[in-house]
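Novice: I have a structure here, written as structure tokens, and I will follow up with some questions on it.
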Amino acid sequence: MKLIMLILLQFCCIQISTSQDSQPASTTSELWKNPVIIGASVSDGYDHTEPFGGPKSEALSLEVHLSKLLKVPHGKISNIGNKFFFIRPIGVHSKQVEVAAKIKPSIVLSPDYLFWLVYGNFTEEKSRIDTLQSGLKKLETFDCPVVIGNIPDASDAVHKMLSRSQVPQLKTIRQANTLLQEWAKNRKNISIVDLDSFMKASVSNETIKLKHIQFHKGSTRKLLQSDSLHPTKEGVKAVCYAMLEALQKITDFSDQDVDWKQTD
């Protein structure tokens, strides 16, 4: 067991290479010149039948689906998301931001960078908010557009993928999302994806309606895997659509730059 944990911890570490700060993008071509993804298992790609990763998980990674949906020319999408984020969330979230900044991102995308800063085993409930604040502080590193997911209620995943002790109280989730909104309010480069509403609708099989895409009532439970935590292929695409729409709120990214009817 110790050997496995050492391997996982080593997997979580990322080497820093190039330097310079990120710069804001003013045109669509500049916006997608050097896109970077940070975050945990949703960003990295995760199939619950492959605990340590594999081809099914790789097929669910965010950059795979973003590349299919984008109609605009773009640079290589650097995905430094890590499915083992949960093992050392404080260290990994800090390292990911440092690595992303060194890559000089034109845009930063993540539905789940904040998730394990609020979820997990904490000695005190209030520590979840303290850790979230440290994560938001790190995001202030970026001047480029940043699209970030809020904190969902993932309690349906208890006894499947999560233990009860890892799940924050509902009032903590509400407090976290209020804090996130307040933090983002005066930052013109930040746009928030409502992952909380996405999760609630998927668990209850209710309608999810975006600007361009709608998933009808009775069809949304299939957006989540049976672990009630990670998205299926359809779910990853839905998250990508939501992120691209959120991006439009802070940039001139056009409807014509996305294949809103993309199918495999």
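Following the order of the structure tokens, first chain is A, next is B, and so on, with residues numbered from 1 inside each chain and ligands from 1 in the order they appear.
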Could you find all residues in region 26-238 of chain A that DSSP calls alpha helix (DSSP H) from the backbone, and write them as a PyMOL selection string?
Specialist: chain A and resi 28-31+41-44+55-58+62-69+89-102+115-118+126-139+170-185+195-204+233-238
Novice: Would you kindly return, as a CSV table (one decimal) with C-alpha atoms, in the first residue's frame, each protein, DNA or RNA residue with an atom no farther than 12 Å from any atom of Trp183 (chain A), considering only C-alpha atoms and excluding same-chain residues fewer than 3 positions away?
Specialist:
```csv
chain,number,residue,atom,x,y,z
A,132,LEU,CA,-11.0,27.4,-1.1
A,133,GLN,CA,-9.8,31.0,-0.5
A,134,SER,CA,-6.2,29.9,-1.0
A,135,GLY,CA,-7.2,28.3,-4.3
A,136,LEU,CA,-8.9,31.5,-5.5
A,137,LYS,CA,-5.9,33.5,-4.5
A,139,LEU,CA,-6.1,31.9,-9.6
A,140,GLU,CA,-5.3,35.6,-9.3
A,150,ASN,CA,-18.4,26.2,-8.9
A,176,ALA,CA,-18.3,28.5,-0.9
A,177,ASN,CA,-20.3,29.4,-4.0
A,178,THR,CA,-21.3,32.8,-2.6
A,179,LEU,CA,-17.7,33.5,-1.9
A,180,LEU,CA,-16.8,32.4,-5.4
A,186,ASN,CA,-15.1,42.5,-10.1
A,187,ARG,CA,-12.7,40.4,-12.1
A,188,LYS,CA,-13.5,40.8,-15.7
A,189,ASN,CA,-11.3,37.8,-16.8
A,190,ILE,CA,-13.3,35.3,-14.7
A,191,SER,CA,-16.4,33.4,-15.8
A,192,ILE,CA,-18.1,30.7,-13.7
```
Novice: So which residues touch region 66-83 of chain A within 6 Å, counting only C-alpha atoms, skipping near sequence neighbours fewer than 5 positions away, as a PyMOL selection string?
Specialist: chain A and resi 32-41+43-44+257-259
Novice: Based on DSSP run over this structure's backbone, return all residues of region 128-167 of chain A in strand (DSSP E or B), as an mmCIF file with C-alpha atoms, in the first residue's frame.
Specialist:
```
data_model
loop_
_atom_site.group_PDB
_atom_site.id
_atom_site.type_symbol
_atom_site.label_atom_id
_atom_site.label_comp_id
_atom_site.auth_asym_id
_atom_site.auth_seq_id
_atom_site.Cartn_x
_atom_site.Cartn_y
_atom_site.Cartn_z
ATOM 1 C CA VAL A 146 -10.337 31.965 -16.816
ATOM 2 C CA VAL A 147 -13.432 29.742 -16.881
ATOM 3 C CA ILE A 148 -13.933 27.912 -13.593
ATOM 4 C CA GLY A 149 -16.629 25.601 -12.226
ATOM 5 C CA VAL A 158 -21.648 8.880 -1.030
ATOM 6 C CA LEU A 162 -17.135 9.378 -1.848
#
```
Novice: Counting only C-alpha atoms, figure out which residue out of A:Leu247, A:Asp196, A:Ser155, A:Ser163 gets nearest to Ile107 (chain A).
Specialist: A:Leu247
